[in-house]
file input.txt (compact mmCIF, C-alpha atoms)
# COMPACT_ATOMS: atom_id res chain seq x y z
CA MET Y 1 13.02 -10.90 -28.16
CA THR Y 2 10.10 -11.48 -30.56
CA ARG Y 3 10.11 -9.29 -33.66
CA ILE Y 4 7.10 -7.90 -35.52
CA ALA Y 5 6.69 -9.55 -38.92
CA LEU Y 6 7.00 -6.70 -41.40
CA ILE Y 7 5.68 -6.36 -44.94
CA VAL Y 8 8.24 -5.08 -47.41
CA PRO Y 9 8.97 -2.25 -47.95
CA THR Y 10 9.78 -1.79 -44.25
CA THR Y 11 9.34 1.58 -42.56
CA ARG Y 12 8.73 2.45 -38.94
CA ARG Y 13 5.38 3.98 -39.89
CA ARG Y 14 4.32 0.69 -41.48
CA VAL Y 15 5.38 -1.17 -38.36
CA LEU Y 16 3.30 1.10 -36.14
CA GLN Y 17 0.29 1.05 -38.45
CA ALA Y 18 0.39 -2.73 -38.63
CA ALA Y 19 0.74 -3.06 -34.88
CA GLY Y 20 -2.13 -0.67 -34.25
CA ALA Y 21 -4.41 -2.43 -36.71
CA ALA Y 22 -3.67 -5.75 -35.07
CA GLY Y 23 -4.34 -4.27 -31.64
CA LEU Y 24 -7.78 -3.02 -32.71
CA VAL Y 25 -9.14 -6.26 -34.17
CA THR Y 26 -12.68 -6.85 -32.94
CA LEU Y 27 -13.07 -10.08 -31.00
CA ALA Y 28 -15.87 -12.50 -31.90
CA LYS Y 29 -17.95 -13.88 -29.07
CA ALA Y 30 -16.38 -17.17 -28.01
CA PRO Y 31 -15.38 -19.05 -24.89
CA ALA Y 32 -12.41 -17.67 -22.96
CA PHE Y 33 -9.09 -18.16 -24.77
CA ALA Y 34 -10.56 -19.96 -27.77
CA GLN Y 35 -9.90 -17.25 -30.34
CA ALA Y 36 -8.77 -18.65 -33.69
CA THR Y 37 -6.86 -15.56 -34.84
CA PRO Y 38 -4.32 -14.21 -32.30
CA LYS Y 39 -4.86 -10.66 -31.14
CA LYS Y 40 -1.54 -8.83 -31.23
CA LEU Y 41 -0.68 -6.50 -28.35
CA VAL Y 42 2.56 -4.61 -28.92
CA PHE Y 43 4.25 -3.22 -25.80
CA ALA Y 44 7.01 -0.63 -26.35
CA HIS Y 45 9.58 0.47 -23.80
CA VAL Y 46 12.52 2.82 -24.15
CA THR Y 47 15.25 0.39 -23.03
CA ALA Y 48 16.02 -3.30 -23.38
CA GLU Y 49 16.77 -5.99 -20.83
CA PRO Y 50 18.49 -6.18 -18.36
CA GLU Y 51 17.01 -2.81 -17.36
CA SER Y 52 14.71 -3.56 -14.42
CA SER Y 53 11.30 -2.78 -15.89
CA ALA Y 54 12.26 -4.30 -19.25
CA VAL Y 55 12.86 -7.59 -17.46
CA ALA Y 56 9.39 -7.42 -15.91
CA PHE Y 57 7.68 -6.40 -19.16
CA ALA Y 58 9.33 -9.20 -21.13
CA ALA Y 59 8.17 -11.74 -18.55
CA MET Y 60 4.67 -10.22 -18.62
CA ALA Y 61 4.47 -10.56 -22.42
CA LYS Y 62 5.47 -14.20 -22.19
CA GLU Y 63 2.93 -14.90 -19.44
CA VAL Y 64 0.04 -13.26 -21.29
CA THR Y 65 0.81 -15.09 -24.53
CA GLU Y 66 1.26 -18.49 -22.91
CA ARG Y 67 -1.68 -18.33 -20.50
CA SER Y 68 -4.05 -17.17 -23.25
CA LYS Y 69 -2.94 -20.21 -25.30
CA GLY Y 70 -1.94 -17.85 -28.08
CA GLU Y 71 -5.27 -16.03 -28.25
CA LEU Y 72 -3.40 -12.92 -27.15
CA GLN Y 73 0.01 -12.40 -28.69
CA MET Y 74 1.76 -9.84 -26.52
CA GLU Y 75 5.07 -8.68 -27.93
CA PHE Y 76 7.59 -6.71 -25.91
CA HIS Y 77 9.95 -4.35 -27.75
CA GLY Y 78 12.59 -2.72 -25.58
CA GLY Y 79 14.66 0.06 -27.15
CA THR Y 80 13.95 -1.09 -30.72
CA LEU Y 81 10.52 -0.14 -32.07
CA LEU Y 82 10.42 3.31 -30.46
CA THR Y 83 13.32 4.83 -28.55
CA LYS Y 84 11.88 8.01 -27.03
CA GLU Y 85 9.45 8.12 -24.13
CA LEU Y 86 7.07 10.69 -25.65
CA GLU Y 87 6.93 8.80 -28.96
CA ILE Y 88 5.81 5.68 -27.12
CA ILE Y 89 2.97 7.41 -25.29
CA ASN Y 90 1.81 9.21 -28.43
CA ALA Y 91 1.77 5.91 -30.33
CA ILE Y 92 -0.37 4.32 -27.61
CA LYS Y 93 -2.80 7.25 -27.60
CA ALA Y 94 -3.13 6.96 -31.39
CA GLY Y 95 -3.72 3.21 -31.18
CA ASN Y 96 -0.66 2.49 -33.33
CA ILE Y 97 0.61 0.23 -30.56
CA ALA Y 98 -1.40 -1.21 -27.70
CA MET Y 99 0.73 -0.80 -24.61
CA GLY Y 100 3.83 0.82 -23.17
CA ASP Y 101 5.11 3.28 -20.63
CA PRO Y 102 6.82 6.67 -20.44
CA GLY Y 103 9.77 5.32 -18.45
CA GLY Y 104 11.21 8.01 -16.23
CA ALA Y 105 9.34 10.71 -18.17
CA ALA Y 106 5.99 10.05 -16.48
CA ALA Y 107 5.64 13.60 -15.16
CA THR Y 108 6.35 14.95 -18.65
CA VAL Y 109 3.39 13.15 -20.22
CA PHE Y 110 1.26 13.01 -17.06
CA PRO Y 111 1.74 16.35 -15.24
CA GLU Y 112 -0.51 15.05 -12.46
CA MET Y 113 2.40 12.86 -11.34
CA GLY Y 114 4.80 15.77 -10.89
CA VAL Y 115 4.03 16.14 -7.20
CA PHE Y 116 5.29 12.62 -6.44
CA LEU Y 117 8.71 13.57 -7.81
CA VAL Y 118 9.25 16.52 -5.48
CA PRO Y 119 12.56 15.75 -3.76
CA TYR Y 120 12.25 14.01 -0.39
CA LEU Y 121 8.44 14.33 -0.25
CA ILE Y 122 7.97 10.56 -0.48
CA ALA Y 123 9.91 9.03 2.36
CA SER Y 124 9.85 5.29 1.71
CA TYR Y 125 8.93 2.51 -0.67
CA ASP Y 126 6.19 1.34 1.68
CA GLN Y 127 4.57 4.77 1.64
CA ALA Y 128 4.71 4.89 -2.16
CA TYR Y 129 3.28 1.38 -2.60
CA LYS Y 130 0.41 2.16 -0.24
CA MET Y 131 -0.49 5.25 -2.29
CA PHE Y 132 -0.22 3.80 -5.78
CA ASN Y 133 -1.93 0.51 -4.91
CA GLY Y 134 -4.67 2.39 -3.09
CA GLN Y 135 -7.06 5.27 -3.58
CA ILE Y 136 -4.48 7.62 -5.09
CA GLY Y 137 -3.62 5.08 -7.78
CA GLU Y 138 -7.30 4.40 -8.50
CA ARG Y 139 -8.00 8.11 -8.84
CA LEU Y 140 -5.06 8.64 -11.21
CA ASP Y 141 -6.20 5.70 -13.35
CA LYS Y 142 -9.64 7.26 -13.67
CA GLN Y 143 -8.13 10.64 -14.58
CA PHE Y 144 -5.85 9.11 -17.22
CA GLN Y 145 -8.76 7.26 -18.80
CA GLU Y 146 -10.87 10.41 -18.99
CA LYS Y 147 -8.11 12.82 -20.03
CA TYR Y 148 -5.70 10.72 -22.09
CA LYS Y 149 -7.81 7.69 -23.09
CA LEU Y 150 -5.23 5.46 -21.44
CA LYS Y 151 -5.90 2.70 -18.93
CA VAL Y 152 -3.27 2.18 -16.21
CA LEU Y 153 -2.18 -1.45 -16.07
CA PHE Y 154 -0.01 -0.88 -13.04
CA PHE Y 155 2.11 1.73 -11.34
CA TYR Y 156 5.75 0.91 -10.71
CA ASP Y 157 8.86 2.88 -9.98
CA TYR Y 158 12.51 3.41 -10.77
CA GLY Y 159 13.31 3.65 -7.11
CA PHE Y 160 15.04 6.55 -5.43
CA ARG Y 161 17.48 8.43 -7.61
CA HIS Y 162 21.14 8.94 -6.78
CA PHE Y 163 23.78 11.08 -8.45
CA TRP Y 164 26.52 9.75 -10.68
CA ASN Y 165 29.18 12.00 -12.18
CA ASN Y 166 32.76 12.26 -13.40
CA ARG Y 167 33.95 15.23 -11.34
CA ARG Y 168 33.81 14.42 -7.62
CA PRO Y 169 31.95 12.60 -4.86
CA ILE Y 170 28.80 14.44 -3.79
CA ASN Y 171 28.62 14.41 0.01
CA GLU Y 172 26.66 17.58 0.69
CA PRO Y 173 24.76 20.19 -1.36
CA LYS Y 174 27.81 22.39 -2.00
CA ASP Y 175 29.44 19.49 -3.88
CA LEU Y 176 26.70 19.68 -6.50
CA ARG Y 177 27.38 23.33 -7.34
CA GLY Y 178 28.32 23.91 -10.95
CA LEU Y 179 27.84 20.30 -12.04
CA LYS Y 180 25.91 19.88 -15.30
CA MET Y 181 23.46 17.11 -14.57
CA ARG Y 182 21.13 15.54 -17.09
CA VAL Y 183 17.45 15.51 -16.11
CA GLN Y 184 14.21 14.27 -17.59
CA GLN Y 185 12.22 16.94 -19.40
CA ALA Y 186 9.53 17.42 -16.74
CA LYS Y 187 9.95 20.71 -14.86
CA VAL Y 188 10.14 19.05 -11.45
CA PHE Y 189 13.41 17.33 -12.36
CA ALA Y 190 15.07 20.60 -13.39
CA ASP Y 191 13.68 22.32 -10.32
CA THR Y 192 15.20 19.57 -8.17
CA ILE Y 193 18.71 19.82 -9.60
CA ASN Y 194 18.73 23.61 -9.80
CA GLY Y 195 17.22 23.92 -6.34
CA LEU Y 196 19.82 21.59 -4.82
CA GLY Y 197 22.61 23.62 -6.41
CA GLY Y 198 23.45 21.90 -9.69
CA VAL Y 199 22.88 22.90 -13.32
CA ALA Y 200 20.00 20.97 -14.89
CA VAL Y 201 20.37 19.83 -18.50
CA PRO Y 202 17.08 18.39 -19.85
CA MET Y 203 17.77 15.47 -22.18
CA ALA Y 204 16.09 12.28 -23.45
CA TRP Y 205 17.70 9.11 -22.13
CA GLY Y 206 18.98 8.02 -25.53
CA GLU Y 207 21.34 11.01 -25.60
CA VAL Y 208 22.73 10.64 -22.08
CA ILE Y 209 25.62 8.19 -22.46
CA PRO Y 210 27.11 9.98 -25.53
CA ALA Y 211 26.68 13.33 -23.75
CA ALA Y 212 28.59 12.03 -20.72
CA GLN Y 213 31.32 10.62 -22.94
CA GLN Y 214 31.70 13.94 -24.74
CA GLY Y 215 31.62 16.08 -21.58
CA VAL Y 216 28.36 17.78 -22.51
CA ILE Y 217 27.13 16.76 -19.07
CA ASP Y 218 29.07 15.92 -15.92
CA GLY Y 219 26.60 13.25 -14.86
CA ALA Y 220 22.98 12.49 -14.09
CA ASP Y 221 20.85 10.57 -11.63
CA LEU Y 222 19.47 7.04 -11.68
CA PRO Y 223 18.40 4.40 -9.18
CA ILE Y 224 21.10 1.87 -8.34
CA VAL Y 225 19.39 -0.89 -10.33
CA ASN Y 226 19.66 1.15 -13.53
CA ILE Y 227 23.10 2.63 -12.92
CA LEU Y 228 24.07 -1.02 -13.20
CA ALA Y 229 21.71 -2.17 -15.97
CA LEU Y 230 22.24 0.88 -18.20
CA LYS Y 231 26.02 0.79 -17.62
CA ALA Y 232 26.35 4.35 -16.36
CA TYR Y 233 29.49 3.13 -14.62
CA GLU Y 234 31.21 3.06 -18.02
CA VAL Y 235 31.00 6.85 -18.27
CA SER Y 236 31.12 7.84 -14.61
CA LYS Y 237 33.54 7.63 -11.69
CA TYR Y 238 31.37 8.50 -8.69
CA CYS Y 239 28.03 7.32 -7.33
CA SER Y 240 26.60 9.29 -4.40
CA LEU Y 241 23.55 7.99 -2.55
CA THR Y 242 21.26 10.96 -2.05
CA PHE Y 243 17.77 9.37 -2.38
CA HIS Y 244 16.56 12.71 -3.73
CA ASN Y 245 13.69 11.74 -6.08
CA TYR Y 246 11.31 8.82 -5.89
CA GLY Y 247 10.58 7.83 -9.48
CA PRO Y 248 7.01 6.58 -10.05
CA THR Y 249 5.70 5.76 -13.51
CA ALA Y 250 3.00 3.60 -15.07
CA ALA Y 251 2.45 0.94 -17.71
CA VAL Y 252 -0.62 1.85 -19.76
CA ILE Y 253 -2.83 0.48 -22.53
CA ASN Y 254 -4.90 2.28 -25.14
CA LEU Y 255 -8.38 2.56 -23.60
CA ASP Y 256 -10.25 1.50 -26.75
CA ILE Y 257 -8.06 -1.57 -27.08
CA TRP Y 258 -8.63 -2.40 -23.41
CA ASN Y 259 -12.39 -2.02 -23.79
CA GLY Y 260 -12.23 -4.31 -26.85
CA LEU Y 261 -10.90 -7.17 -24.76
CA THR Y 262 -13.15 -9.77 -23.19
CA ALA Y 263 -13.55 -9.85 -19.42
CA ASP Y 264 -11.36 -12.96 -19.26
CA GLN Y 265 -8.64 -11.30 -21.32
CA GLN Y 266 -8.75 -8.21 -19.12
CA LYS Y 267 -8.42 -10.35 -16.02
CA LEU Y 268 -5.45 -12.21 -17.48
CA ILE Y 269 -3.66 -8.97 -18.30
CA ALA Y 270 -4.50 -7.55 -14.85
CA ASP Y 271 -3.06 -10.67 -13.20
CA ALA Y 272 0.10 -10.51 -15.32
CA SER Y 273 0.40 -6.80 -14.54
CA HIS Y 274 0.29 -7.52 -10.82
CA THR Y 275 3.10 -10.05 -11.22
CA ALA Y 276 5.16 -7.63 -13.30
CA GLN Y 277 4.68 -4.87 -10.74
CA ALA Y 278 5.95 -7.10 -7.95
CA LYS Y 279 8.93 -8.17 -10.04
CA VAL Y 280 10.13 -4.70 -10.97
CA ARG Y 281 9.62 -3.45 -7.42
CA ASP Y 282 11.73 -6.31 -6.06
CA LEU Y 283 14.49 -5.74 -8.61
CA THR Y 284 14.57 -2.03 -7.76
CA GLU Y 285 14.23 -2.03 -3.99
CA SER Y 286 16.50 -5.00 -3.27
CA VAL Y 287 19.63 -3.15 -4.43
CA ASP Y 288 18.82 0.32 -3.10
CA SER Y 289 21.23 0.47 -0.17
CA LEU Y 290 24.80 1.58 0.43
CA ALA Y 291 26.03 -1.97 1.04
CA LYS Y 292 24.45 -3.33 -2.14
CA ALA Y 293 25.57 -0.34 -4.21
CA LYS Y 294 29.16 -0.89 -3.11
CA GLU Y 295 28.91 -4.60 -3.82
CA LEU Y 296 27.57 -4.07 -7.33
CA LEU Y 297 29.26 -0.87 -8.51
CA GLU Y 298 32.70 -0.76 -6.95
CA PRO Y 299 33.87 -3.82 -8.95
CA LYS Y 300 32.83 -1.82 -12.04
CA GLY Y 301 35.23 0.96 -11.05
CA MET Y 302 32.86 3.41 -9.36
CA ALA Y 303 33.53 5.04 -6.01
CA VAL Y 304 30.32 4.83 -3.94
CA ASN Y 305 29.56 7.14 -1.01
CA SER Y 306 26.65 7.95 1.27
CA ALA Y 307 25.64 11.61 1.11
CA ASP Y 308 24.25 13.81 3.88
CA VAL Y 309 20.59 13.19 3.05
CA ALA Y 310 19.33 15.42 5.87
CA ALA Y 311 21.26 18.39 4.48
CA PHE Y 312 19.89 17.83 0.97
CA ARG Y 313 16.38 17.49 2.38
CA ARG Y 314 16.64 20.85 4.17
CA VAL Y 315 17.66 22.55 0.93
CA ALA Y 316 14.80 20.89 -0.95
CA GLN Y 317 12.28 21.98 1.66
CA ASP Y 318 13.48 25.55 1.35
CA LYS Y 319 14.09 25.83 -2.40
CA VAL Y 320 11.76 23.34 -4.09
CA TRP Y 321 8.83 22.43 -1.85
CA PRO Y 322 6.95 25.77 -1.61
CA ALA Y 323 5.98 26.04 -5.30
CA TYR Y 324 4.76 22.45 -5.52
CA LYS Y 325 2.87 22.59 -2.26
CA GLN Y 326 1.02 25.57 -3.68
CA GLN Y 327 0.46 23.87 -7.06
CA PHE Y 328 -0.81 20.55 -5.64
CA PRO Y 329 -2.29 21.48 -2.23
CA GLU Y 330 -4.80 18.61 -1.88
CA MET Y 331 -2.53 15.87 -3.18
CA TRP Y 332 0.35 17.23 -1.10
CA GLU Y 333 -1.64 16.85 2.09
CA GLU Y 334 -2.77 13.36 1.07
CA ILE Y 335 0.83 12.27 0.46
CA VAL Y 336 1.98 13.67 3.79
CA ALA Y 337 -0.94 12.02 5.54
CA THR Y 338 -0.13 8.56 4.11
CA LYS Y 339 1.46 6.66 6.97
CA VAL Y 340 2.87 3.14 7.03
call {"tool": "encode", "arguments": {"input": "input.txt", "output": "structure tokens"}}
result
Amino acid sequence: MTRIALIVPTTRRRVLQAAGAAGLVTLAKAPAFAQATPKKLVFAHVTAEPESSAVAFAAMAKEVTERSKGELQMEFHGGTLLTKELEIINAIKAGNIAMGDPGGAAATVFPEMGVFLVPYLIASYDQAYKMFNGQIGERLDKQFQEKYKLKVLFFYDYGFRHFWNNRRPINEPKDLRGLKMRVQQAKVFADTINGLGGVAVPMAWGEVIPAAQQGVIDGADLPIVNILALKAYEVSKYCSLTFHNYGPTAAVINLDIWNGLTADQQKLIADASHTAQAKVRDLTESVDSLAKAKELLEPKGMAVNSADVAAFRRVAQDKVWPAYKQQFPEMWEEIVATKV
């Protein structure tokens, strides 16, 4: 992983200030990819490779740097420069770094995305891709530019979430009762766990593994790809496939930095973003099945089971759906109306 060259004395604030200054350099008018001084674009993410999106972001950084012949120097920093989702987004808004993402905390920083996380509302990957690569995604991008001064590079997802815990297999809603389950800080995640019968414990990802080791939580939820990549199997005995939340998020760039790029540079980054989106989607979706979960996780010592998804969905419809349908009436109907 490429490191930022720091000026001594080294502090995190100096790193961020230096990265932001580099990201805001004004480009002289010149032919495409003939810039003498590289323009640094720092991309921060909360976790490192081999986490699924980190793999895609690292490849994207390499592609942008190489295809621009060094005119753009995109640096990916996973779990090193900034380690909390909200810190990353705030740094992008301030222009201290150019690019990044909120990881699984998208609905915390972008409340507009909360409706997509309502349990069992989104029924399939194909439905989600059609929405986020279509008019819904375009509308959200426009809203984020106007409200947050952030340009969406691409929407991606963490797949459908499944429960992992140390207490027991979760086959039906009653098995979740009393279990302390870590959730992201957005309200929809707590509403999901509490509504389905568990006890939601809001917590940033960096605290999750120690909390599970110390018994502060009984477990949490993750897509299969990240139960593996983030080694949740080291602190958990059971993985139960419930498919309860679809986890959309977005990679974004500071709008002023984006507008400071040439048209050719913007196109290059858009092309690389499309490739990264396809990569992370493939990594996520290809392992999201009972057979693949057993193949990957049982050798790590986890017991994998398929839960009664229909029973969980009925509880969600009764306990969680009404409030969000009332809060997001237009978007709700648009999601339901999206057919594949």
call {"tool": "atom_distance", "arguments": {"input": "input.txt", "atom1": "atom CA of Y:Pro329", "atom2": "atom CA of Y:Val199"}}
result
27.5 Å
call {"tool": "atom_distance", "arguments": {"input": "input.txt", "atom1": "atom CA of Y:Val42", "atom2": "atom CA of Y:Glu75"}}
result
4.9 Å
call {"tool": "atom_distance", "arguments": {"input": "input.txt", "atom1": "atom CA of Y:Phe43", "atom2": "atom CA of Y:Ile122"}}
result
29.1 Å
call {"tool": "closest_residue", "arguments": {"input": "input.txt", "among": "Y:Glu112, Y:Asp101, Y:Glu63, Y:Glu71", "to": "Y:Trp332", "atoms": "only C-alpha atoms"}}
result
Y:Glu112
call {"tool": "residues_around", "arguments": {"input": "input.txt", "residues": "Y:Ile217", "least_positions_apart": "6", "cutoff": "7 Å", "atoms": "all atoms listed in the file", "output": "list of chain:residue names"}}
result
Y:Lys180, Y:Met181, Y:Arg182, Y:Ala211
call {"tool": "closest_residue", "arguments": {"input": "input.txt", "among": "Y:Leu255, Y:Val46, Y:Leu230, Y:Val235", "to": "Y:Pro210", "atoms": "only C-alpha atoms"}}
result
Y:Val235
call {"tool": "closest_residue", "arguments": {"input": "input.txt", "among": "Y:Lys130, Y:Ala303, Y:Leu268, Y:Lys147", "to": "Y:Met74", "atoms": "only C-alpha atoms"}}
result
Y:Leu268
call {"tool": "residues_near_point", "arguments": {"input": "input.txt", "point": "(11.0, 24.5, -14.8)", "cutoff": "12 Å", "atoms": "all atoms listed in the file", "output": "PDB file with C-alpha atoms, in the frame of the given file"}}
result
ATOM      1  CA  THR Y 108       6.350  14.950 -18.650  1.00  0.00           C
ATOM      2  CA  GLY Y 114       4.800  15.770 -10.890  1.00  0.00           C
ATOM      3  CA  VAL Y 183      17.450  15.510 -16.110  1.00  0.00           C
ATOM      4  CA  GLN Y 184      14.210  14.270 -17.590  1.00  0.00           C
ATOM      5  CA  GLN Y 185      12.220  16.940 -19.400  1.00  0.00           C
ATOM      6  CA  ALA Y 186       9.530  17.420 -16.740  1.00  0.00           C
ATOM      7  CA  LYS Y 187       9.950  20.710 -14.860  1.00  0.00           C
ATOM      8  CA  VAL Y 188      10.140  19.050 -11.450  1.00  0.00           C
ATOM      9  CA  PHE Y 189      13.410  17.330 -12.360  1.00  0.00           C
ATOM     10  CA  ALA Y 190      15.070  20.600 -13.390  1.00  0.00           C
ATOM     11  CA  ASP Y 191      13.680  22.320 -10.320  1.00  0.00           C
ATOM     12  CA  THR Y 192      15.200  19.570  -8.170  1.00  0.00           C
ATOM     13  CA  ILE Y 193      18.710  19.820  -9.600  1.00  0.00           C
ATOM     14  CA  ASN Y 194      18.730  23.610  -9.800  1.00  0.00           C
ATOM     15  CA  GLY Y 195      17.220  23.920  -6.340  1.00  0.00           C
ATOM     16  CA  ALA Y 200      20.000  20.970 -14.890  1.00  0.00           C
ATOM     17  CA  VAL Y 201      20.370  19.830 -18.500  1.00  0.00           C
ATOM     18  CA  PRO Y 202      17.080  18.390 -19.850  1.00  0.00           C
ATOM     19  CA  VAL Y 320      11.760  23.340  -4.090  1.00  0.00           C
ATOM     20  CA  ALA Y 323       5.980  26.040  -5.300  1.00  0.00           C
ATOM     21  CA  TYR Y 324       4.760  22.450  -5.520  1.00  0.00           C
TER      22      TYR Y 324
END
call {"tool": "decode", "arguments": {"input": "input.txt", "residues": "stretch 75-151 of chain Y", "atoms": "C-alpha atoms", "output": "PDB file, in the first residue's frame"}}
result
ATOM      1  CA  GLU Y  75      -3.514   6.783  -3.137  1.00  0.00           C
ATOM      2  CA  PHE Y  76      -5.674   4.266  -1.298  1.00  0.00           C
ATOM      3  CA  HIS Y  77      -5.426   4.095   2.493  1.00  0.00           C
ATOM      4  CA  GLY Y  78      -7.428   1.311   4.107  1.00  0.00           C
ATOM      5  CA  GLY Y  79      -7.723   1.347   7.895  1.00  0.00           C
ATOM      6  CA  THR Y  80      -4.621   3.509   8.368  1.00  0.00           C
ATOM      7  CA  LEU Y  81      -5.114   7.223   7.682  1.00  0.00           C
ATOM      8  CA  LEU Y  82      -8.595   7.422   9.218  1.00  0.00           C
ATOM      9  CA  THR Y  83     -10.280   4.543  11.010  1.00  0.00           C
ATOM     10  CA  LYS Y  84     -13.825   5.777  11.644  1.00  0.00           C
ATOM     11  CA  GLU Y  85     -16.498   6.148   8.989  1.00  0.00           C
ATOM     12  CA  LEU Y  86     -17.719   9.595  10.076  1.00  0.00           C
ATOM     13  CA  GLU Y  87     -14.162  10.955  10.249  1.00  0.00           C
ATOM     14  CA  ILE Y  88     -13.607   9.927   6.644  1.00  0.00           C
ATOM     15  CA  ILE Y  89     -16.719  11.674   5.343  1.00  0.00           C
ATOM     16  CA  ASN Y  90     -16.007  14.821   7.367  1.00  0.00           C
ATOM     17  CA  ALA Y  91     -12.465  14.926   5.986  1.00  0.00           C
ATOM     18  CA  ILE Y  92     -13.782  14.674   2.421  1.00  0.00           C
ATOM     19  CA  LYS Y  93     -16.338  17.425   3.020  1.00  0.00           C
ATOM     20  CA  ALA Y  94     -13.570  19.666   4.389  1.00  0.00           C
ATOM     21  CA  GLY Y  95     -11.321  18.929   1.418  1.00  0.00           C
ATOM     22  CA  ASN Y  96      -8.618  17.475   3.669  1.00  0.00           C
ATOM     23  CA  ILE Y  97      -8.730  14.308   1.580  1.00  0.00           C
ATOM     24  CA  ALA Y  98     -10.231  13.925  -1.867  1.00  0.00           C
ATOM     25  CA  MET Y  99     -12.173  10.686  -1.806  1.00  0.00           C
ATOM     26  CA  GLY Y 100     -13.544   7.934   0.386  1.00  0.00           C
ATOM     27  CA  ASP Y 101     -16.689   6.262   1.605  1.00  0.00           C
ATOM     28  CA  PRO Y 102     -18.714   5.793   4.795  1.00  0.00           C
ATOM     29  CA  GLY Y 103     -18.507   2.002   4.637  1.00  0.00           C
ATOM     30  CA  GLY Y 104     -21.544   0.445   6.247  1.00  0.00           C
ATOM     31  CA  ALA Y 105     -22.450   3.750   7.910  1.00  0.00           C
ATOM     32  CA  ALA Y 106     -23.965   5.278   4.767  1.00  0.00           C
ATOM     33  CA  ALA Y 107     -27.360   5.867   6.361  1.00  0.00           C
ATOM     34  CA  THR Y 108     -25.672   7.602   9.302  1.00  0.00           C
ATOM     35  CA  VAL Y 109     -24.047  10.258   7.124  1.00  0.00           C
ATOM     36  CA  PHE Y 110     -26.656  10.183   4.349  1.00  0.00           C
ATOM     37  CA  PRO Y 111     -30.073   9.789   6.036  1.00  0.00           C
ATOM     38  CA  GLU Y 112     -31.662   9.670   2.582  1.00  0.00           C
ATOM     39  CA  MET Y 113     -30.291   6.135   2.245  1.00  0.00           C
ATOM     40  CA  GLY Y 114     -32.013   4.844   5.373  1.00  0.00           C
ATOM     41  CA  VAL Y 115     -35.020   3.550   3.471  1.00  0.00           C
ATOM     42  CA  PHE Y 116     -32.880   1.125   1.446  1.00  0.00           C
ATOM     43  CA  LEU Y 117     -31.766  -0.545   4.677  1.00  0.00           C
ATOM     44  CA  VAL Y 118     -35.264  -1.377   5.903  1.00  0.00           C
ATOM     45  CA  PRO Y 119     -35.174  -5.147   6.475  1.00  0.00           C
ATOM     46  CA  TYR Y 120     -36.434  -7.236   3.554  1.00  0.00           C
ATOM     47  CA  LEU Y 121     -37.640  -4.224   1.531  1.00  0.00           C
ATOM     48  CA  ILE Y 122     -35.037  -4.820  -1.187  1.00  0.00           C
ATOM     49  CA  ALA Y 123     -35.537  -8.343  -2.436  1.00  0.00           C
ATOM     50  CA  SER Y 124     -32.571  -9.028  -4.703  1.00  0.00           C
ATOM     51  CA  TYR Y 125     -29.241  -7.819  -6.006  1.00  0.00           C
ATOM     52  CA  ASP Y 126     -30.734  -7.276  -9.455  1.00  0.00           C
ATOM     53  CA  GLN Y 127     -33.405  -4.982  -8.034  1.00  0.00           C
ATOM     54  CA  ALA Y 128     -30.791  -2.988  -6.109  1.00  0.00           C
ATOM     55  CA  TYR Y 129     -28.448  -2.646  -9.098  1.00  0.00           C
ATOM     56  CA  LYS Y 130     -31.298  -1.437 -11.301  1.00  0.00           C
ATOM     57  CA  MET Y 131     -32.158   1.283  -8.766  1.00  0.00           C
ATOM     58  CA  PHE Y 132     -28.673   2.541  -7.971  1.00  0.00           C
ATOM     59  CA  ASN Y 133     -27.455   2.462 -11.582  1.00  0.00           C
ATOM     60  CA  GLY Y 134     -30.640   4.175 -12.723  1.00  0.00           C
ATOM     61  CA  GLN Y 135     -32.800   7.167 -11.905  1.00  0.00           C
ATOM     62  CA  ILE Y 136     -32.723   6.637  -8.140  1.00  0.00           C
ATOM     63  CA  GLY Y 137     -28.935   6.683  -8.119  1.00  0.00           C
ATOM     64  CA  GLU Y 138     -28.827   9.771 -10.346  1.00  0.00           C
ATOM     65  CA  ARG Y 139     -31.257  11.592  -8.071  1.00  0.00           C
ATOM     66  CA  LEU Y 140     -29.272  10.713  -4.939  1.00  0.00           C
ATOM     67  CA  ASP Y 141     -26.058  11.918  -6.586  1.00  0.00           C
ATOM     68  CA  LYS Y 142     -27.683  15.259  -7.345  1.00  0.00           C
ATOM     69  CA  GLN Y 143     -28.982  15.539  -3.770  1.00  0.00           C
ATOM     70  CA  PHE Y 144     -25.568  14.734  -2.281  1.00  0.00           C
ATOM     71  CA  GLN Y 145     -23.894  17.347  -4.464  1.00  0.00           C
ATOM     72  CA  GLU Y 146     -26.378  20.025  -3.442  1.00  0.00           C
ATOM     73  CA  LYS Y 147     -26.636  19.122   0.247  1.00  0.00           C
ATOM     74  CA  TYR Y 148     -23.209  17.734   1.157  1.00  0.00           C
ATOM     75  CA  LYS Y 149     -20.965  19.057  -1.635  1.00  0.00           C
ATOM     76  CA  LEU Y 150     -20.006  15.478  -2.438  1.00  0.00           C
ATOM     77  CA  LYS Y 151     -20.060  13.842  -5.858  1.00  0.00           C
TER      78      LYS Y 151
END
